[in-house]
$ cat final-v3.txt   # compact mmCIF, C-alpha atoms and all ligand atoms
# COMPACT_ATOMS: atom_id res chain seq x y z
CA MET A 2 0.00 0.00 0.00
CA ARG A 3 1.22 3.50 -0.82
CA ILE A 4 -0.07 6.86 0.32
CA LEU A 5 -0.16 9.49 -2.42
CA SER A 6 -1.01 13.19 -2.39
CA ILE A 7 -3.87 14.78 -4.34
CA SER A 8 -1.53 16.47 -6.84
CA ASP A 9 -2.58 16.13 -10.49
CA GLU A 10 0.27 13.72 -11.07
CA ASP A 11 -0.69 11.46 -8.16
CA ILE A 12 -4.37 11.51 -9.11
CA ALA A 13 -3.47 10.52 -12.67
CA ARG A 14 -1.45 7.64 -11.26
CA ALA A 15 -4.34 6.54 -9.03
CA ALA A 16 -6.74 6.71 -12.00
CA ARG A 17 -4.42 4.40 -13.97
CA ALA A 18 -4.41 2.00 -11.03
CA LEU A 19 -8.23 1.98 -11.02
CA ARG A 20 -8.28 1.21 -14.74
CA GLU A 21 -5.94 -1.71 -14.05
CA GLY A 22 -8.39 -3.12 -11.51
CA LEU A 23 -6.53 -2.03 -8.37
CA LEU A 24 -8.14 -0.56 -5.25
CA VAL A 25 -7.69 3.13 -4.50
CA ALA A 26 -8.95 4.74 -1.30
CA PHE A 27 -9.84 8.38 -1.89
CA PRO A 28 -11.32 11.31 0.03
CA THR A 29 -14.84 12.58 -0.63
CA GLU A 30 -16.73 15.25 1.29
CA THR A 31 -18.42 12.56 3.39
CA VAL A 32 -15.81 9.91 4.36
CA TYR A 33 -12.96 8.11 2.57
CA GLY A 34 -14.14 5.61 -0.05
CA LEU A 35 -12.53 2.33 -1.07
CA GLY A 36 -12.71 2.70 -4.84
CA ALA A 37 -12.78 0.19 -7.68
CA ASP A 38 -13.72 0.53 -11.35
CA ALA A 39 -17.49 0.00 -11.29
CA PHE A 40 -17.41 -1.89 -14.61
CA ASN A 41 -14.70 -4.39 -13.54
CA PRO A 42 -16.18 -7.36 -11.62
CA THR A 43 -12.76 -8.60 -10.48
CA ALA A 44 -11.94 -5.23 -8.96
CA LEU A 45 -15.38 -5.19 -7.29
CA ALA A 46 -14.76 -8.62 -5.80
CA ARG A 47 -11.52 -7.31 -4.32
CA VAL A 48 -13.48 -4.57 -2.54
CA PHE A 49 -15.58 -7.15 -0.72
CA ARG A 50 -12.50 -9.14 0.18
CA ALA A 51 -10.67 -6.04 1.46
CA LYS A 52 -13.63 -4.96 3.58
CA LYS A 53 -14.48 -8.50 4.65
CA ARG A 54 -17.95 -7.39 3.66
CA PRO A 55 -20.78 -9.85 3.01
CA ARG A 56 -21.18 -10.33 -0.74
CA PHE A 57 -24.82 -9.34 -0.88
CA ASP A 58 -24.26 -5.68 0.01
CA PRO A 59 -24.64 -3.34 -2.96
CA LEU A 60 -22.06 -0.58 -3.50
CA ILE A 61 -22.52 3.14 -4.22
CA ILE A 62 -21.21 4.12 -7.65
CA HIS A 63 -19.56 7.54 -7.78
CA ILE A 64 -19.74 9.72 -10.89
CA ALA A 65 -17.97 12.99 -11.77
CA ALA A 66 -20.59 14.68 -13.95
CA LEU A 67 -24.35 14.48 -14.48
CA GLU A 68 -23.70 12.78 -17.83
CA GLY A 69 -22.08 9.96 -15.87
CA LEU A 70 -25.53 8.92 -14.66
CA ASP A 71 -26.87 7.74 -18.01
CA PRO A 72 -24.61 4.68 -18.52
CA LEU A 73 -25.60 3.45 -15.02
CA ALA A 74 -29.27 4.28 -14.49
CA ASP A 75 -32.35 4.16 -16.70
CA LEU A 76 -34.53 7.10 -15.67
CA ASP A 77 -37.06 6.22 -18.38
CA ALA A 78 -38.00 3.17 -16.34
CA LEU A 79 -39.42 5.53 -13.69
CA GLU A 80 -42.91 6.98 -13.84
CA GLY A 81 -43.08 10.62 -14.90
CA GLU A 82 -43.43 12.33 -11.53
CA ARG A 83 -40.66 10.29 -9.97
CA ARG A 84 -38.40 11.02 -12.94
CA ASP A 85 -39.01 14.77 -12.53
CA GLN A 86 -38.20 14.48 -8.84
CA VAL A 87 -34.94 12.67 -9.62
CA ARG A 88 -33.97 15.37 -12.11
CA ARG A 89 -34.73 18.09 -9.56
CA LEU A 90 -32.67 16.34 -6.86
CA CYS A 91 -29.73 15.85 -9.24
CA ARG A 92 -29.83 19.45 -10.39
CA ARG A 93 -30.13 20.98 -6.94
CA LEU A 94 -28.34 18.64 -4.52
CA TRP A 95 -25.54 17.18 -6.66
CA PRO A 96 -22.66 17.28 -6.26
CA GLY A 97 -23.32 16.51 -2.60
CA PRO A 98 -23.86 13.88 0.12
CA LEU A 99 -27.00 12.35 -1.42
CA THR A 100 -27.10 8.82 -2.92
CA LEU A 101 -30.03 7.98 -5.19
CA ILE A 102 -31.31 4.44 -5.74
CA LEU A 103 -32.44 4.19 -9.39
CA PRO A 104 -33.35 1.50 -11.96
CA LYS A 105 -30.07 0.02 -13.22
CA ARG A 106 -28.78 -0.48 -16.75
CA GLY A 107 -27.60 -3.89 -17.93
CA ALA A 108 -23.95 -2.76 -18.22
CA VAL A 109 -23.64 -2.42 -14.44
CA PRO A 110 -22.10 -5.65 -13.06
CA ASP A 111 -24.31 -7.59 -10.65
CA LEU A 112 -21.50 -7.53 -8.12
CA ALA A 113 -21.90 -3.73 -7.82
CA THR A 114 -25.62 -4.01 -7.07
CA ALA A 115 -25.72 -7.38 -5.30
CA GLY A 116 -27.92 -8.65 -8.12
CA LEU A 117 -30.59 -6.02 -7.48
CA PRO A 118 -32.45 -4.40 -10.39
CA THR A 119 -31.48 -1.02 -8.87
CA VAL A 120 -28.22 0.91 -8.61
CA ALA A 121 -26.99 3.42 -6.01
CA VAL A 122 -25.37 6.51 -7.55
CA ARG A 123 -23.70 9.56 -6.05
CA PHE A 124 -21.92 12.65 -7.40
CA PRO A 125 -19.47 13.62 -4.64
CA ASP A 126 -18.62 17.25 -3.87
CA HIS A 127 -14.84 16.92 -3.65
CA GLY A 128 -12.31 18.17 -6.20
CA ALA A 129 -9.81 15.31 -5.86
CA ALA A 130 -12.53 12.65 -5.99
CA LEU A 131 -14.02 14.21 -9.12
CA ARG A 132 -10.65 14.42 -10.89
CA LEU A 133 -9.95 10.78 -10.01
CA ILE A 134 -13.34 9.55 -11.24
CA ALA A 135 -13.18 11.63 -14.43
CA LEU A 136 -9.73 10.21 -15.28
CA SER A 137 -10.82 6.63 -14.61
CA THR A 138 -13.85 5.09 -16.35
CA GLY A 139 -16.18 7.77 -14.98
CA ALA A 140 -17.83 5.30 -12.58
CA VAL A 141 -16.07 4.31 -9.35
CA ALA A 142 -17.79 1.93 -6.95
CA ALA A 143 -16.80 2.84 -3.43
CA PRO A 144 -18.07 1.78 -0.04
CA SER A 145 -16.54 3.48 2.97
CA ALA A 146 -12.86 2.50 3.30
CA ASN A 147 -13.17 0.62 6.58
CA PRO A 148 -13.52 -3.07 7.44
CA PHE A 149 -17.18 -4.12 7.57
CA GLY A 150 -18.89 -2.90 10.75
CA ARG A 151 -16.08 -0.63 11.94
CA LEU A 152 -15.92 3.16 12.15
CA SER A 153 -15.90 5.02 8.85
CA PRO A 154 -12.60 6.76 8.02
CA THR A 155 -12.41 10.55 7.92
CA ARG A 156 -8.61 10.71 7.44
CA ALA A 157 -6.10 8.84 5.26
CA GLU A 158 -4.46 7.47 8.44
CA HIS A 159 -7.73 5.80 9.46
CA VAL A 160 -7.71 3.93 6.15
CA ARG A 161 -4.06 2.98 6.51
CA ASP A 162 -4.57 1.74 10.08
CA GLN A 163 -7.77 -0.20 9.34
CA LEU A 164 -7.10 -1.65 5.88
CA GLY A 165 -3.28 -1.63 5.54
CA ASP A 166 -2.12 -3.66 2.54
CA ARG A 167 -5.66 -4.69 1.61
CA VAL A 168 -5.75 -1.39 -0.33
CA ASP A 169 -3.25 -0.58 -3.13
CA LEU A 170 -3.17 3.23 -2.98
CA ILE A 171 -4.55 5.87 -0.63
CA LEU A 172 -4.99 9.46 -1.80
CA ASP A 173 -4.43 11.70 1.21
CA GLY A 174 -6.73 14.70 1.00
CA GLY A 175 -6.69 15.47 4.74
CA ARG A 176 -9.78 15.36 6.89
CA THR A 177 -13.16 15.04 5.20
CA ARG A 178 -15.52 18.01 5.44
CA VAL A 179 -18.96 16.48 6.14
CA GLY A 180 -17.63 13.50 8.11
CA LEU A 181 -20.85 11.42 7.82
CA GLU A 182 -21.83 9.03 5.04
CA SER A 183 -24.29 10.14 2.38
CA THR A 184 -28.05 10.11 2.79
CA VAL A 185 -29.48 7.16 0.81
CA LEU A 186 -32.82 7.83 -0.92
CA ASP A 187 -34.69 5.12 -2.85
CA MET A 188 -36.51 6.64 -5.82
CA THR A 189 -37.71 3.36 -7.34
CA GLY A 190 -40.74 2.60 -5.13
CA PRO A 191 -44.26 4.01 -5.00
CA VAL A 192 -42.97 6.84 -2.75
CA PRO A 193 -39.43 8.22 -2.23
CA ARG A 194 -37.97 6.39 0.75
CA LEU A 195 -35.08 7.34 3.04
CA LEU A 196 -32.96 4.20 3.52
CA ARG A 197 -30.21 5.85 5.53
CA PRO A 198 -30.04 9.30 7.13
CA GLY A 199 -26.76 11.01 6.29
CA GLY A 200 -24.95 14.16 5.25
CA CYS A 201 -27.88 15.59 3.27
CA PRO A 202 -30.66 16.61 5.71
CA GLN A 203 -34.14 15.22 5.10
CA GLY A 204 -35.50 18.79 5.11
CA GLU A 205 -33.43 19.76 2.06
CA ILE A 206 -34.80 16.80 0.13
CA GLU A 207 -38.41 17.41 1.17
CA ALA A 208 -38.17 21.10 0.23
CA LEU A 209 -37.59 19.90 -3.35
CA ILE A 210 -39.81 16.81 -3.75
CA GLY A 211 -42.27 16.80 -0.84
CA PRO A 212 -42.54 14.22 1.96
CA VAL A 213 -40.32 11.13 1.96
CA ASP A 214 -41.05 7.87 3.76
CA ILE A 215 -38.71 7.44 6.72
CA SER A 216 -40.18 4.24 8.13
CA GLY A 217 -36.90 2.53 7.12
CA GLY A 218 -36.29 -1.21 6.74
CA GLY A 219 -36.24 -2.09 3.05
CA PRO A 220 -36.03 -5.30 1.07
CA VAL A 221 -32.22 -4.92 1.07
CA ASN A 222 -30.03 -5.95 3.91
CA ALA A 223 -28.22 -2.62 3.73
CA PRO A 224 -25.22 -2.25 6.02
CA GLY A 225 -26.41 1.23 6.81
CA GLN A 226 -29.56 -0.50 8.11
CA LEU A 227 -27.85 -3.07 10.32
CA LYS A 228 -28.23 -2.23 13.98
CA SER A 229 -24.55 -2.61 14.84
CA HIS A 230 -22.81 -0.79 11.99
CA TYR A 231 -20.25 2.02 12.58
CA ALA A 232 -18.75 0.51 15.71
CA PRO A 233 -15.85 1.66 17.87
CA ARG A 234 -14.22 -1.15 19.87
CA THR A 235 -15.00 0.62 23.12
CA PRO A 236 -18.53 -0.01 24.48
CA LEU A 237 -20.68 3.07 23.99
CA THR A 238 -23.80 4.21 25.84
CA LEU A 239 -26.09 6.75 24.21
CA ARG A 240 -27.70 9.14 26.69
CA GLY A 241 -30.38 11.78 26.32
CA PRO A 242 -29.41 15.36 27.28
CA GLU A 243 -31.00 15.03 30.76
CA GLU A 244 -29.31 11.70 31.48
CA MET A 245 -26.05 13.13 30.21
CA ALA A 246 -26.25 16.06 32.62
CA ALA A 247 -26.35 13.72 35.62
CA PRO A 248 -23.25 14.25 37.72
CA ASP A 249 -22.19 10.61 37.69
CA TYR A 250 -18.96 9.46 36.25
CA GLU A 251 -17.28 6.16 35.79
CA ALA A 252 -13.54 5.93 36.41
CA GLY A 253 -11.86 5.18 33.11
CA ALA A 254 -14.85 6.21 30.99
CA GLY A 255 -14.96 9.05 28.46
CA TYR A 256 -17.77 11.56 27.99
CA LEU A 257 -18.74 12.80 24.55
CA PHE A 258 -20.93 15.91 24.59
CA PHE A 259 -22.85 17.42 21.70
CA SER A 260 -22.11 21.03 22.70
CA GLY A 261 -19.90 23.11 24.96
CA ALA A 262 -23.06 24.13 26.86
CA SER A 263 -23.86 20.47 27.69
CA ARG A 264 -20.37 19.83 29.00
CA GLU A 265 -20.58 23.03 31.02
CA ARG A 266 -23.90 21.98 32.60
CA TRP A 267 -22.48 18.53 33.47
CA SER A 268 -19.18 19.79 34.85
CA ARG A 269 -20.89 22.31 37.13
CA ARG A 270 -22.60 19.40 38.89
CA LEU A 271 -19.47 17.29 39.36
CA PRO A 272 -18.31 16.98 42.97
CA ALA A 273 -15.42 19.39 43.61
CA GLY A 274 -11.96 17.93 43.99
CA GLY A 275 -12.77 14.58 42.32
CA PRO A 276 -10.79 13.19 39.37
CA ALA A 277 -11.52 14.96 36.07
CA PRO A 278 -12.98 12.46 33.57
CA LEU A 279 -11.94 12.63 29.92
CA THR A 280 -14.42 14.71 27.92
CA ARG A 281 -14.83 15.70 24.28
CA VAL A 282 -17.29 18.08 22.62
CA LEU A 283 -18.57 17.57 19.05
CA SER A 284 -19.28 21.26 18.49
CA GLU A 285 -18.50 24.00 21.06
CA LYS A 286 -21.33 26.17 19.74
CA GLY A 287 -23.72 23.25 19.29
CA ASP A 288 -23.74 23.37 15.48
CA GLY A 289 -25.01 20.15 13.84
CA VAL A 290 -22.84 20.43 10.73
CA GLU A 291 -19.68 20.92 12.77
CA ALA A 292 -20.70 18.09 15.13
CA ALA A 293 -21.24 15.69 12.19
CA ALA A 294 -17.85 16.58 10.73
CA ASN A 295 -16.19 15.80 14.08
CA LEU A 296 -18.16 12.65 14.92
CA PHE A 297 -16.11 9.77 13.45
CA ASP A 298 -12.85 11.60 14.02
CA THR A 299 -13.63 12.00 17.72
CA LEU A 300 -14.86 8.39 18.03
CA HIS A 301 -11.62 7.14 16.40
CA GLU A 302 -9.62 9.25 18.86
CA LEU A 303 -11.58 8.08 21.93
CA ASP A 304 -11.40 4.49 20.70
CA ARG A 305 -7.58 4.60 20.87
CA ARG A 306 -7.54 5.62 24.53
CA GLY A 307 -8.42 2.30 26.10
CA LEU A 308 -11.48 3.69 27.88
CA SER A 309 -13.82 1.35 29.75
CA ARG A 310 -16.82 3.01 28.07
CA ILE A 311 -17.87 6.05 26.08
CA HIS A 312 -20.93 7.94 27.32
CA ALA A 313 -22.25 9.86 24.32
CA GLU A 314 -24.91 12.53 24.31
CA GLU A 315 -27.74 12.45 21.74
CA ALA A 316 -27.79 15.30 19.22
CA PRO A 317 -30.89 17.53 19.07
CA PRO A 318 -33.29 16.18 16.41
CA GLU A 319 -32.94 19.01 13.84
CA GLY A 320 -30.83 19.09 10.67
CA LEU A 321 -28.06 16.48 10.79
CA GLY A 322 -29.07 15.44 14.35
CA PRO A 323 -30.99 12.31 13.20
CA ALA A 324 -28.00 11.15 11.10
CA ILE A 325 -25.60 11.67 14.02
CA ASN A 326 -27.93 9.80 16.41
CA ASP A 327 -28.33 6.96 13.89
CA ARG A 328 -24.53 6.42 13.90
CA LEU A 329 -24.33 6.70 17.70
CA ARG A 330 -27.21 4.24 18.20
CA LYS A 331 -25.46 1.73 15.94
CA ALA A 332 -22.19 2.20 17.79
CA ALA A 333 -24.09 1.56 21.06
CA ALA A 334 -25.83 -1.55 19.67
CA ALA A 335 -22.47 -3.04 18.63
CA GLY A 336 -21.07 -2.69 22.14
CA ALA A 337 -24.17 -4.31 23.59
CA SER A 338 -23.88 -7.41 21.40
P1 LIG B 401 -21.54 2.40 2.17
O1 LIG B 401 -21.08 2.56 0.77
O2 LIG B 401 -20.78 1.41 2.96
O3 LIG B 401 -21.65 3.74 2.86
O4 LIG B 401 -23.04 1.83 2.08
C1 LIG B 401 -23.85 2.08 0.96
C2 LIG B 401 -25.30 2.13 1.33
O5 LIG B 401 -26.14 2.21 0.17
C3 LIG B 401 -25.68 0.86 2.02
O6 LIG B 401 -26.61 1.13 3.04
C4 LIG B 401 -26.23 0.05 0.85
O7 LIG B 401 -26.94 -1.07 1.20
C5 LIG B 401 -27.04 1.11 0.14
N1 LIG B 401 -27.34 0.70 -1.23
C6 LIG B 401 -26.48 0.59 -2.24
N2 LIG B 401 -27.10 0.15 -3.36
C7 LIG B 401 -28.39 -0.05 -3.03
C8 LIG B 401 -29.55 -0.51 -3.76
N3 LIG B 401 -29.50 -0.86 -5.03
N4 LIG B 401 -30.72 -0.57 -3.08
C9 LIG B 401 -30.78 -0.22 -1.78
N5 LIG B 401 -29.73 0.22 -1.04
C10 LIG B 401 -28.55 0.31 -1.66
MG MG B 402 -19.87 1.97 5.17
$ encode --input "final-v3.txt" --output "C-alpha cells"
Amino acid sequence: MRILSISDEDIARAARALREGLLVAFPTETVYGLGADAFNPTALARVFRAKKRPRFDPLIIHIAALEGLDPLADLDALEGERRDQVRRLCRRLWPGPLTLILPKRGAVPDLATAGLPTVAVRFPDHGAALRLIALSTGAVAAPSANPFGRLSPTRAEHVRDQLGDRVDLILDGGRTRVGLESTVLDMTGPVPRLLRPGGCPQGEIEALIGPVDISGGGPVNAPGQLKSHYAPRTPLTLRGPEEMAAPDYEAGAGYLFFSGASRERWSRRLPAGGPAPLTRVLSEKGDGVEAAANLFDTLHELDRRGLSRIHAEEAPPEGLGPAINDRLRKAAAAGAS
C-alpha cells in the first residue's frame, strides 16, 4: 500500500491504477471511499475481500458529472413524476452527500448491485474525488474504506490503520468536510424512501420533492440498516441530554458531549476535587454540521484511549441530528452485542 497526495500527477497515477483493476482509497466530502472501477467485476470482488464485507451488500457508484448517470441508471423506467423528482434532486443537490437508488442499466455488473435491479449513484462534492473519477472510467464503486462494521474513516491514516495492505493506494486529502456518510434515498418505489439518514438533511430533500417515507427497513439488507454498523471497539452508551447532565462518572470512561453548553452543565454538577474524567465536545457552539464533521474523528480518537466506556450525548433532532444519532445508536448496539 502507498499513500499518495492529491496532486494532479498522483491523481493521474491513481486513476491508472483503477483502470488496471486495483483498489484506491480516496477522500470525498463525506468519508474516505474504497474505490474500484465499477465496470470491472474482479476489482469489485476485491473490494468485498478487502472490507471482509458480506457479498450481498450493494455498493454506491460515484460519478464525476451528471452525464455519468446515463450509462448506469435508466430514468425512463421511472414513472413521470418520480423522474421529474430525480432530475430536480440531481440538479439541486448534486454534487453533494446524497445517494439515489435508481433502476439500473444492464452494463452495471451484478456484483456492484448485489444482483438487485437497482443501482446506487452519487456525485461527490470533492475536487480530488471528481478528478480521479473523471480520469478513470467515470464510474467508481466505493463503499466506505473501513472493514465491515467498523468506524468510517475521515482521514487517510484511518484507512491505513484499518485496511493496511488490503488497499493498493490511498490518496491523502486530509480530513473530510462532512464527516458522515451520504443520505441514501430510494426513488424506485411508490414513494421516495429514506434508507439511511446522512450528510444531506431530510429537510433539504423534502423542500424539493415533498414528503419522503422514513419508516426505514427495506427489502435490502443494507449495512447502513444493520443495527450494529459504525462501531468503535469501546462499548458506547447513548444518553439523552437530561441523562447526560447527571453528575455521575465512571472511572476510566470518556464523555462525549454534543455542545460546549452540555459539557458546562455537566461539569458544574461534578463533585469538587474529584478526578476529572476525559471529555470531548462535538461542536462547542452546538452546530449540527460541525458536530457531524467531528463525529467519526472523535470516536476514532476516543477508541484509541483504552477507555472502559464512552458515554455519548444524543444530538438535538434538527438538521443532521438524526444522522448523528443513527450512527451513535449503531455504535451503542455493537457494544451491547
Ligand atoms: P456504504 O457505501 O458502505 O456507505 O453503504 C452504501 C449504502 O447504500 C448501504 O446502506 C447500501 O446497502 C445502500 N445501497 C447501495 N445500493 C443499493 C440498492 N441498489 N438498493 C438499496 N440500497 C442500496
Ligand atoms: Mg460503510
$ residues_around --input "final-v3.txt" --residues "Gly165 (chain A)" --least-positions-apart "6" --cutoff "10 Å" --atoms "all atoms listed in the file" --output "list in words"
Met2, Arg3, Ala51, Glu158, His159 and Ile171 of chain A
$ residues_around --input "final-v3.txt" --residues "Ile311 (chain A)" --least-positions-apart "2" --cutoff "8 Å" --atoms "all atoms listed in the file" --output "PyMOL selection string"
chain A and resi 235-238+254-257+303+308-309+313
$ atom_distance --input "final-v3.txt" --atom1 "CA of Ala142 (chain A)" --atom2 "CA of Ala78 (chain A)"
22.3 Å
$ closest_atom_pairs --input "final-v3.txt" --of "chain A" --to "ligand LIG 401 (chain B)" --cutoff "9 Å" --atoms "only C-alpha atoms and all ligand atoms" --output "CSV"
residue,atom,partner,partner_atom,distance
A:Val32,CA,B:LIG401,O3,8.6
A:Gly34,CA,B:LIG401,O1,7.6
A:Leu35,CA,B:LIG401,O1,8.7
A:Phe57,CA,B:LIG401,O7,8.8
A:Asp58,CA,B:LIG401,O7,5.5
A:Pro59,CA,B:LIG401,N2,4.3
A:Leu60,CA,B:LIG401,C6,4.7
A:Ile61,CA,B:LIG401,C6,5.1
A:Ile62,CA,B:LIG401,N2,8.3
A:Thr100,CA,B:LIG401,O5,7.4
A:Leu101,CA,B:LIG401,C7,8.5
A:Ile102,CA,B:LIG401,C8,5.6
A:Leu103,CA,B:LIG401,N3,7.3
A:Pro104,CA,B:LIG401,N3,8.3
A:Lys105,CA,B:LIG401,N3,8.3
A:Ala113,CA,B:LIG401,N2,7.9
A:Thr114,CA,B:LIG401,N3,5.4
A:Ala115,CA,B:LIG401,N3,7.5
A:Gly116,CA,B:LIG401,N3,8.5
A:Leu117,CA,B:LIG401,N3,5.8
A:Pro118,CA,B:LIG401,N3,7.1
A:Thr119,CA,B:LIG401,N3,4.3
A:Val120,CA,B:LIG401,N3,4.2
A:Ala121,CA,B:LIG401,N2,4.2
A:Val122,CA,B:LIG401,N2,7.8
A:Ala142,CA,B:LIG401,O1,8.4
A:Ala143,CA,B:LIG401,O1,6.0
A:Pro144,CA,B:LIG401,O1,3.2
A:Ser145,CA,B:LIG401,O2,4.7
A:Ala146,CA,B:LIG401,O2,8.0
A:Asn147,CA,B:LIG401,O2,8.5
A:Phe149,CA,B:LIG401,O2,8.0
A:Ser153,CA,B:LIG401,O3,8.4
A:Glu182,CA,B:LIG401,O3,5.7
A:Ser183,CA,B:LIG401,O3,6.9
A:Thr184,CA,B:LIG401,O5,8.5
A:Val185,CA,B:LIG401,O5,6.0
A:Leu186,CA,B:LIG401,N5,8.2
A:Asp187,CA,B:LIG401,C9,6.7
A:Leu196,CA,B:LIG401,N5,6.9
A:Arg197,CA,B:LIG401,O6,6.4
A:Gly219,CA,B:LIG401,C9,7.5
A:Pro220,CA,B:LIG401,C9,7.8
A:Val221,CA,B:LIG401,C9,5.7
A:Asn222,CA,B:LIG401,O7,6.4
A:Ala223,CA,B:LIG401,O7,3.2
A:Pro224,CA,B:LIG401,O6,4.7
A:Gly225,CA,B:LIG401,O6,3.8
A:Gln226,CA,B:LIG401,O6,6.1
A:Leu227,CA,B:LIG401,O6,8.5
$ closest_residue --input "final-v3.txt" --among "A:Thr299, A:Asp126, A:Lys52, A:Phe40" --to "ligand MG 402 (chain B)" --atoms "all atoms listed in the file"
A:Lys52
$ atom_distance --input "final-v3.txt" --atom1 "CA of Val290 (chain A)" --atom2 "CA of Arg305 (chain A)"
24.2 Å
$ axis_aligned_box --input "final-v3.txt" --around "region 209-219 of chain A" --padding-each-side "8 Å" --output "lines of an AutoDock Vina configuration file"
center_x = -39.4
center_y = 8.9
center_z = 2.2
size_x = 22.3
size_y = 38.0
size_z = 27.9
$ residues_around --input "final-v3.txt" --residues "region 267-284 of chain A" --least-positions-apart "3" --cutoff "8 Å" --atoms "all atoms listed in the file" --output "JSON, numbers by chain"
{"A": [245, 246, 247, 248, 249, 250, 251, 252, 253, 254, 255, 256, 257, 258, 259, 260, 261, 263, 264, 287, 288, 289, 291, 292, 293, 295, 296, 299]}
$ closest_residue --input "final-v3.txt" --among "A:Arg306, A:Arg240, A:His301, A:His312" --to "Asp162 (chain A)" --atoms "only C-alpha atoms"
A:His301
$ residues_around --input "final-v3.txt" --residues "Ile12 (chain A)" --least-positions-apart "2" --cutoff "9 Å" --atoms "all atoms listed in the file" --output "PDB file with C-alpha atoms, keeping the file's coordinate frame"
ATOM      1  CA  LEU A   5      -0.160   9.490  -2.420  1.00  0.00           C
ATOM      2  CA  SER A   6      -1.010  13.190  -2.390  1.00  0.00           C
ATOM      3  CA  ILE A   7      -3.870  14.780  -4.340  1.00  0.00           C
ATOM      4  CA  SER A   8      -1.530  16.470  -6.840  1.00  0.00           C
ATOM      5  CA  ASP A   9      -2.580  16.130 -10.490  1.00  0.00           C
ATOM      6  CA  GLU A  10       0.270  13.720 -11.070  1.00  0.00           C
ATOM      7  CA  ARG A  14      -1.450   7.640 -11.260  1.00  0.00           C
ATOM      8  CA  ALA A  15      -4.340   6.540  -9.030  1.00  0.00           C
ATOM      9  CA  ALA A  16      -6.740   6.710 -12.000  1.00  0.00           C
ATOM     10  CA  ARG A  17      -4.420   4.400 -13.970  1.00  0.00           C
ATOM     11  CA  ALA A 129      -9.810  15.310  -5.860  1.00  0.00           C
ATOM     12  CA  ALA A 130     -12.530  12.650  -5.990  1.00  0.00           C
ATOM     13  CA  ARG A 132     -10.650  14.420 -10.890  1.00  0.00           C
ATOM     14  CA  LEU A 133      -9.950  10.780 -10.010  1.00  0.00           C
ATOM     15  CA  LEU A 136      -9.730  10.210 -15.280  1.00  0.00           C
ATOM     16  CA  LEU A 172      -4.990   9.460  -1.800  1.00  0.00           C
TER      17      LEU A 172
END
$ closest_residue --input "final-v3.txt" --among "A:Leu181, A:Gly217, A:Ala46, A:Cys91" --to "Cys201 (chain A)" --atoms "only C-alpha atoms"
A:Leu181
$ closest_residue --input "final-v3.txt" --among "A:Gly36, A:Pro148, A:Pro98, A:Pro42" --to "ligand MG 402 (chain B)" --atoms "only C-alpha atoms and all ligand atoms"
A:Pro148
